[in-house]
Amino acid sequence: MGPARAQRLAAAGLSTIRDLIFHLPFRYEDRRGALAVSEAAAGAAATFRGRLVGLRRIRTRRRSFSLVRGFVEDASGRLPVVWFNRPYLVDQAAEAEEYLLHGPVRPAKGGGIELVNPSCERAEGGAVHGDRVAPVYPAAGKVGPAALRRIAAAVLAGVDLAGQSPETMPETVPEELLERHGLPPLGEALDSLHRPGADADVEALNGRRSPAHQRLIYGELLELQVALALRRRREEGGPRARRYRIGASLRRTLAGIPPFPLTGAQKRVVEEILADLAGPHPMHRLLQGDVGSGKTIVAALALAAALENGDQGAFMAPTELLAEQHHASLARLLGDRYRIVLLTGSAADAEAGRRRAELASGEARLAVGTHALFQEAVEFQRLGLAVIDEQHRFGVDQRGLLLRKGERPDLLVMTATPIPRSLALTAYGDLPVSTLDELPPGRSAVRTEALPASRRGEVYRRLRQAIAAGERAYVVAPLIEETGMSGGRDVASLAEVEARVREALAGFPVAAVHGRMLAAERERALRAFAAGEVRALVATTVIEVGLDVPEATWMVIESAERFGLAQLHQLRGRVGRGRGQAICVALHGRLTALARQRLEIFAATTDGFEIAERDLALRGPGDLLGTRQAGLPSLRVARLPEDWDWLVRARDDARELLARLDGEALGALQDKVTACASY
Ligand code: ADP
Ligand code: MG
């Protein structure tokens, strides 16, 4: 190909033959058995072979939309054809040439039938997949599907993929596993995806159910699971440095810590953690529990077990606000037994230095903090257990930094974003998961209403009544200030919402918090809200995670269509943490179809797991945890949850493969694994 096209391909990430080999078709056209034009009938896609006659451009009212009409003609007759947005066809098509057209035949508006927007290739010489099943490639940047089909066919004609020479296409899956699952070798699979045979099952190809697809799906998931298992081994690093005593006296101590009876789920999860801590290997466990399910006390008890065994603990939170709040609650729970220090970016240098010195000497037993905990200057005398709250806010590297501050410490990562089962296995591999699936007693589900902004007046009147009756409320705005980016008018800005709330609640104390104000100021407002001196808190999403004011029972979310489902659920989790009936009103502007679905789901259920599954279905897995969950691997062929069965097989096989390797082989493999999924 010429240099210009090569450059365009390279810009789209296709520079080598290998890149091209892995740029897979996403659809197949069945062009076997071209029909005579006289046989055409409305229905599925069909192939015709004939000359193009009477092509002409048709003007439309929309400037961005053009039509070409004409006929395909063969010995049996002629059939009308219409193309969308391909005006150049009129100039390119040569009247004398024969073309192969493939596309759906539909009833035409004015009666009769027509061939709609067919693919079109010259039949003689040029047609690559004349009488066969033709692959359709996703466009690569500026290079369209038709050009890609030609390029791929020409290039791959010179590559002996199915020949299975290891130089051509090294096999990645052990033969034994291919045999176990009845899958073809990689080269053969790739070959049949690019060049389906004359007897190919087009339906299976289009449904990703061909043996070739299965081979790629399984191979991809197996690589992922092996990489995850290797990472976990590396992080665990071997047997635990010190065995813990988890006996009757420790249990008595732990029993005295919670100020309330634990829920059944909390008791079960604490037992799961204690069993890990008593075991020979470091614990690496994920604790997931919906907002308000009581993860903090579970973490506190795990930490107490480590501290009672003479080790130190670390507790990491993603924001200062949250770190401060955790520091306060852990101090309440554990403070009279152990010295606890807070390490955030905003402590004065001298003070921070003093706290670090206490950690290094072992005088302080527990450090609660933000990213400040990763700093090199932070040293522990004997770090035994690291807890990471809202773990999806942290990167894998950061977790590694924290773990390296101890000698193979235990790790408990916590998340309130419940991860559907299928994704947990992709994101975390074999990591054991504990789930808090029960809320503390006395909670009733938050009553949720999604209302158009036109009913705002009524909502704020109800809010005023609630405040007058002694309730406390959050009002959430999506942005700090009008950015103008979104066309403005429908989007509530914080200042605007604050003014509105002050007016509606005239006579009651109101405060506002956002991410850009001074930490001390924000802290003051939050404290006043927690103490009841402020009755309504206007806030951006800084309150999204962790904030715990059980007396707050009302929440109004402005411009709710702007938030993702998971975020709405997190926000709502700020209320309904006490005994009263909590109410959440999502006020929304104009809705897209997708936003409407989100709000319908949001109003219909308060079950975080259900919300996560529905969110997955709406958005697709890549996006589920937002861009912050950078670690989720991008899968080329596999799709979840559809390929769940292959995922489980891959997990089991990865486990078996690694169990067979000795230390040396394992080390070599570990060195090879550079990038893989998060946990
Ligand atoms: P999250 O899982 O969202 O981090 P928290 O740990 O902040 O939840 O707990 C939410 C609230 O529930 C806190 O006020 C906490 O004190 C309270 N809580 C937790 N467990 C119980 C329980 N077993 N009984 C009563 N209240 C509880
Ligand atoms: Mg929490």
# chains A, B, ... in the order shown; residues from 1 in each chain; ligands from 1

call {"tool": "residues_near_ligand", "arguments": {"ligand": "ligand 1", "cutoff": "8 Å", "atoms": "only C-alpha atoms and all ligand atoms", "output": "number ranges by chain"}}
result
A: 260-263, 266, 289-298, 416, 439-441, 546-550, 573, 577-578

call {"tool": "residues_around", "arguments": {"residues": "A:Arg572", "least_positions_apart": "6", "cutoff": "9 Å", "atoms": "only C-alpha atoms", "output": "list of chain:residue names"}}
result
A:Val291, A:Val446, A:Thr448, A:Glu544, A:Met555, A:Ile557, A:Ile583, A:Cys584, A:Thr606

call {"tool": "select_by_dssp", "arguments": {"residues": "stretch 343-576 of chain A", "states": "helix (DSSP H, G or I)", "output": "short mmCIF file (atom, residue, chain, number, x, y, z; two decimals) with N, CA and C atoms, in the first residue's frame"}}
result
data_model
loop_
_atom_site.label_atom_id
_atom_site.label_comp_id
_atom_site.auth_asym_id
_atom_site.auth_seq_id
_atom_site.Cartn_x
_atom_site.Cartn_y
_atom_site.Cartn_z
N ASP A 349 3.83 20.76 58.74
CA ASP A 349 5.01 19.92 58.59
C ASP A 349 5.56 19.38 59.90
N ALA A 350 5.67 20.26 60.87
CA ALA A 350 6.26 19.85 62.14
C ALA A 350 5.41 18.77 62.78
N GLU A 351 4.10 19.01 62.74
CA GLU A 351 3.17 18.05 63.33
C GLU A 351 3.24 16.71 62.58
N ALA A 352 3.24 16.79 61.24
CA ALA A 352 3.30 15.57 60.44
C ALA A 352 4.59 14.82 60.75
N GLY A 353 5.69 15.56 60.91
CA GLY A 353 6.97 14.93 61.22
C GLY A 353 6.91 14.20 62.56
N ARG A 354 6.25 14.82 63.51
CA ARG A 354 6.15 14.19 64.82
C ARG A 354 5.35 12.88 64.74
N ARG A 355 4.25 12.95 63.99
CA ARG A 355 3.41 11.76 63.86
C ARG A 355 4.17 10.63 63.15
N ARG A 356 4.94 11.00 62.11
CA ARG A 356 5.71 9.97 61.40
C ARG A 356 6.74 9.33 62.33
N ALA A 357 7.34 10.18 63.17
CA ALA A 357 8.34 9.65 64.10
C ALA A 357 7.68 8.65 65.05
N GLU A 358 6.46 8.97 65.48
CA GLU A 358 5.75 8.05 66.39
C GLU A 358 5.45 6.72 65.71
N LEU A 359 5.15 6.78 64.42
CA LEU A 359 4.89 5.54 63.68
C LEU A 359 6.16 4.72 63.54
N ALA A 360 7.26 5.42 63.21
CA ALA A 360 8.52 4.72 62.99
C ALA A 360 9.01 4.06 64.27
N SER A 361 8.75 4.71 65.40
CA SER A 361 9.23 4.16 66.67
C SER A 361 8.29 3.09 67.20
N HIS A 371 -3.46 9.57 50.66
CA HIS A 371 -2.29 9.22 49.86
C HIS A 371 -0.99 9.58 50.58
N ALA A 372 -1.08 10.48 51.54
CA ALA A 372 0.10 10.87 52.30
C ALA A 372 0.79 9.64 52.91
N LEU A 373 0.02 8.57 53.14
CA LEU A 373 0.59 7.36 53.74
C LEU A 373 1.60 6.66 52.82
N PHE A 374 1.48 6.90 51.50
CA PHE A 374 2.40 6.23 50.57
C PHE A 374 3.78 6.85 50.58
N GLN A 391 -11.43 1.15 47.69
CA GLN A 391 -10.18 0.79 47.03
C GLN A 391 -10.13 1.17 45.56
N HIS A 392 -11.30 1.27 44.90
CA HIS A 392 -11.26 1.56 43.46
C HIS A 392 -10.75 2.96 43.19
N ARG A 393 -10.61 3.77 44.24
CA ARG A 393 -10.04 5.10 44.04
C ARG A 393 -8.52 5.09 44.00
N VAL A 396 -3.20 0.23 41.51
CA VAL A 396 -2.49 -0.96 41.94
C VAL A 396 -1.11 -0.62 42.48
N ASP A 397 -0.46 0.32 41.83
CA ASP A 397 0.90 0.69 42.25
C ASP A 397 0.89 1.26 43.66
N GLN A 398 -0.16 2.06 43.93
CA GLN A 398 -0.23 2.68 45.25
C GLN A 398 -0.39 1.63 46.32
N ARG A 399 -1.20 0.64 46.01
CA ARG A 399 -1.39 -0.44 46.97
C ARG A 399 -0.05 -1.12 47.23
N GLY A 400 0.71 -1.33 46.14
CA GLY A 400 2.01 -1.96 46.28
C GLY A 400 2.93 -1.15 47.18
N LEU A 401 2.91 0.18 47.02
CA LEU A 401 3.75 1.05 47.84
C LEU A 401 3.44 0.87 49.32
N LEU A 402 2.16 0.79 49.62
CA LEU A 402 1.76 0.65 51.02
C LEU A 402 2.22 -0.71 51.56
N LEU A 403 2.01 -1.75 50.75
CA LEU A 403 2.35 -3.09 51.22
C LEU A 403 3.85 -3.22 51.49
N ARG A 421 -20.61 -10.27 40.09
CA ARG A 421 -19.76 -11.44 40.22
C ARG A 421 -18.80 -11.58 39.04
N SER A 422 -19.33 -11.39 37.84
CA SER A 422 -18.51 -11.63 36.66
C SER A 422 -17.34 -10.66 36.61
N LEU A 423 -17.59 -9.41 37.00
CA LEU A 423 -16.52 -8.43 36.95
C LEU A 423 -15.52 -8.63 38.06
N ALA A 424 -16.00 -9.08 39.23
CA ALA A 424 -15.09 -9.30 40.34
C ALA A 424 -13.99 -10.26 39.90
N LEU A 425 -14.40 -11.28 39.17
CA LEU A 425 -13.43 -12.28 38.74
C LEU A 425 -12.47 -11.74 37.68
N THR A 426 -12.91 -10.82 36.86
CA THR A 426 -11.99 -10.23 35.88
C THR A 426 -11.09 -9.22 36.55
N ALA A 427 -11.64 -8.45 37.47
CA ALA A 427 -10.85 -7.38 38.06
C ALA A 427 -9.93 -7.90 39.15
N TYR A 428 -10.37 -8.91 39.86
CA TYR A 428 -9.61 -9.33 41.03
C TYR A 428 -9.07 -10.75 40.93
N ALA A 453 -37.82 18.84 36.98
CA ALA A 453 -37.48 20.09 37.67
C ALA A 453 -38.70 21.01 37.78
N SER A 454 -39.68 20.80 36.93
CA SER A 454 -40.87 21.66 37.01
C SER A 454 -41.60 21.49 38.35
N ARG A 455 -41.32 20.42 39.06
CA ARG A 455 -41.98 20.23 40.35
C ARG A 455 -41.10 20.62 41.53
N ARG A 456 -40.07 21.40 41.22
CA ARG A 456 -39.12 21.79 42.25
C ARG A 456 -39.79 22.55 43.40
N GLY A 457 -40.71 23.48 43.06
CA GLY A 457 -41.36 24.31 44.07
C GLY A 457 -42.00 23.46 45.15
N GLU A 458 -42.72 22.47 44.69
CA GLU A 458 -43.42 21.56 45.60
C GLU A 458 -42.42 20.78 46.46
N VAL A 459 -41.32 20.32 45.82
CA VAL A 459 -40.31 19.54 46.55
C VAL A 459 -39.68 20.39 47.66
N TYR A 460 -39.35 21.64 47.30
CA TYR A 460 -38.72 22.49 48.32
C TYR A 460 -39.69 22.86 49.43
N ARG A 461 -41.00 22.95 49.13
CA ARG A 461 -41.98 23.17 50.21
C ARG A 461 -42.00 21.98 51.16
N ARG A 462 -41.94 20.76 50.60
CA ARG A 462 -41.90 19.57 51.47
C ARG A 462 -40.62 19.55 52.28
N LEU A 463 -39.53 19.95 51.64
CA LEU A 463 -38.24 19.98 52.33
C LEU A 463 -38.32 20.93 53.53
N ARG A 464 -38.94 22.09 53.30
CA ARG A 464 -39.05 23.08 54.38
C ARG A 464 -39.84 22.51 55.54
N GLN A 465 -40.93 21.80 55.24
CA GLN A 465 -41.73 21.19 56.30
C GLN A 465 -40.89 20.20 57.11
N ALA A 466 -40.10 19.39 56.39
CA ALA A 466 -39.28 18.39 57.09
C ALA A 466 -38.26 19.06 58.00
N ILE A 467 -37.62 20.11 57.48
CA ILE A 467 -36.63 20.83 58.28
C ILE A 467 -37.30 21.46 59.50
N ALA A 468 -38.49 22.02 59.28
CA ALA A 468 -39.23 22.63 60.40
C ALA A 468 -39.56 21.59 61.45
N LEU A 494 -23.64 25.03 41.94
CA LEU A 494 -23.71 25.02 43.40
C LEU A 494 -24.22 26.35 43.94
N ALA A 495 -23.69 27.45 43.40
CA ALA A 495 -24.10 28.76 43.91
C ALA A 495 -25.60 28.98 43.71
N GLU A 496 -26.05 28.57 42.54
CA GLU A 496 -27.46 28.74 42.22
C GLU A 496 -28.33 27.92 43.18
N VAL A 497 -27.92 26.68 43.38
CA VAL A 497 -28.68 25.80 44.26
C VAL A 497 -28.64 26.33 45.68
N GLU A 498 -27.47 26.83 46.09
CA GLU A 498 -27.36 27.34 47.45
C GLU A 498 -28.34 28.50 47.66
N ALA A 499 -28.39 29.41 46.66
CA ALA A 499 -29.29 30.55 46.77
C ALA A 499 -30.74 30.08 46.89
N ARG A 500 -31.05 29.10 46.08
CA ARG A 500 -32.41 28.55 46.07
C ARG A 500 -32.76 27.94 47.42
N VAL A 501 -31.83 27.18 47.97
CA VAL A 501 -32.08 26.51 49.24
C VAL A 501 -32.21 27.53 50.36
N ARG A 502 -31.34 28.55 50.33
CA ARG A 502 -31.42 29.58 51.38
C ARG A 502 -32.77 30.28 51.35
N GLU A 503 -33.26 30.49 50.13
CA GLU A 503 -34.55 31.16 50.02
C GLU A 503 -35.68 30.25 50.53
N ALA A 504 -35.64 28.99 50.08
CA ALA A 504 -36.70 28.06 50.47
C ALA A 504 -36.69 27.79 51.96
N ALA A 519 -9.85 23.15 53.40
CA ALA A 519 -10.24 21.97 54.16
C ALA A 519 -10.82 22.36 55.53
N ALA A 520 -10.21 23.35 56.15
CA ALA A 520 -10.64 23.73 57.50
C ALA A 520 -12.07 24.29 57.47
N GLU A 521 -12.34 25.06 56.43
CA GLU A 521 -13.67 25.64 56.30
C GLU A 521 -14.72 24.56 56.07
N ARG A 522 -14.34 23.65 55.18
CA ARG A 522 -15.26 22.57 54.85
C ARG A 522 -15.53 21.73 56.10
N GLU A 523 -14.45 21.47 56.81
CA GLU A 523 -14.54 20.69 58.04
C GLU A 523 -15.49 21.36 59.02
N ARG A 524 -15.39 22.69 59.12
CA ARG A 524 -16.24 23.43 60.05
C ARG A 524 -17.72 23.25 59.66
N ALA A 525 -18.00 23.37 58.38
CA ALA A 525 -19.38 23.25 57.91
C ALA A 525 -19.92 21.84 58.18
N LEU A 526 -19.07 20.84 57.91
CA LEU A 526 -19.53 19.45 58.10
C LEU A 526 -19.77 19.15 59.57
N ARG A 527 -18.87 19.69 60.41
CA ARG A 527 -19.03 19.46 61.84
C ARG A 527 -20.33 20.09 62.33
N ALA A 528 -20.60 21.31 61.83
CA ALA A 528 -21.83 22.00 62.24
C ALA A 528 -23.05 21.22 61.78
N PHE A 529 -22.95 20.60 60.58
CA PHE A 529 -24.06 19.80 60.08
C PHE A 529 -24.24 18.54 60.93
N ALA A 530 -23.11 17.88 61.25
CA ALA A 530 -23.17 16.67 62.06
C ALA A 530 -23.75 16.97 63.43
N ALA A 531 -23.44 18.18 63.96
CA ALA A 531 -23.91 18.54 65.29
C ALA A 531 -25.34 19.07 65.27
N THR A 541 -20.37 16.62 44.87
CA THR A 541 -20.20 15.21 45.17
C THR A 541 -19.07 14.95 46.17
N VAL A 542 -18.51 15.99 46.79
CA VAL A 542 -17.52 15.71 47.84
C VAL A 542 -18.13 14.85 48.93
N ILE A 543 -19.46 14.88 49.04
CA ILE A 543 -20.07 14.07 50.10
C ILE A 543 -20.35 12.65 49.63
N ALA A 560 -30.25 15.56 38.38
CA ALA A 560 -29.89 14.16 38.63
C ALA A 560 -29.52 13.41 37.35
N GLU A 561 -29.98 13.91 36.21
CA GLU A 561 -29.66 13.22 34.95
C GLU A 561 -28.18 13.28 34.65
N ARG A 562 -27.46 14.15 35.35
CA ARG A 562 -26.04 14.30 35.10
C ARG A 562 -25.18 13.26 35.80
N LEU A 565 -25.40 6.02 37.51
CA LEU A 565 -26.23 5.25 38.42
C LEU A 565 -25.49 4.91 39.72
N ALA A 566 -24.27 4.49 39.59
CA ALA A 566 -23.50 4.13 40.78
C ALA A 566 -23.31 5.35 41.69
N GLN A 567 -23.10 6.49 41.06
CA GLN A 567 -22.87 7.71 41.83
C GLN A 567 -24.15 8.14 42.54
N LEU A 568 -25.26 8.05 41.85
CA LEU A 568 -26.54 8.37 42.49
C LEU A 568 -26.74 7.49 43.72
N HIS A 569 -26.42 6.22 43.55
CA HIS A 569 -26.62 5.29 44.64
C HIS A 569 -25.71 5.63 45.83
N GLN A 570 -24.46 5.99 45.52
CA GLN A 570 -23.54 6.41 46.58
C GLN A 570 -24.07 7.62 47.31
N LEU A 571 -24.54 8.59 46.53
CA LEU A 571 -25.06 9.82 47.14
C LEU A 571 -26.23 9.48 48.06
N ARG A 572 -27.14 8.69 47.55
CA ARG A 572 -28.31 8.34 48.35
C ARG A 572 -27.91 7.64 49.64
#

call {"tool": "closest_atom_pairs", "arguments": {"of": "stretch 114-189 of chain A", "to": "stretch 75-99 of chain A", "cutoff": "7 Å", "atoms": "only C-alpha atoms", "output": "JSON lines"}}
result
{"residue": "A:Glu114", "atom": "CA", "partner": "A:Pro80", "partner_atom": "CA", "distance": 4.9}
{"residue": "A:Leu115", "atom": "CA", "partner": "A:Val81", "partner_atom": "CA", "distance": 4.6}
{"residue": "A:Val116", "atom": "CA", "partner": "A:Val82", "partner_atom": "CA", "distance": 5.2}
{"residue": "A:Asn117", "atom": "CA", "partner": "A:Trp83", "partner_atom": "CA", "distance": 4.3}
{"residue": "A:Cys120", "atom": "CA", "partner": "A:Tyr99", "partner_atom": "CA", "distance": 6.6}
{"residue": "A:Glu121", "atom": "CA", "partner": "A:Tyr99", "partner_atom": "CA", "distance": 5.5}
{"residue": "A:Arg122", "atom": "CA", "partner": "A:Tyr99", "partner_atom": "CA", "distance": 4.4}
{"residue": "A:Ala123", "atom": "CA", "partner": "A:Tyr99", "partner_atom": "CA", "distance": 4.6}
{"residue": "A:Glu124", "atom": "CA", "partner": "A:Glu98", "partner_atom": "CA", "distance": 6.9}

call {"tool": "residues_around", "arguments": {"residues": "stretch 5-21 of chain A", "least_positions_apart": "2", "cutoff": "7 Å", "atoms": "only C-alpha atoms", "output": "list in words"}}
result
Met1, Gly2, Pro3, His23, Leu24, Ala140, Gly141, Lys142, Val143 and Ala152 of chain A

call {"tool": "closest_residue", "arguments": {"among": "A:Phe315, A:Phe508, A:Phe563, A:Phe26", "to": "ligand 2", "atoms": "only C-alpha atoms and all ligand atoms"}}
result
A:Phe315
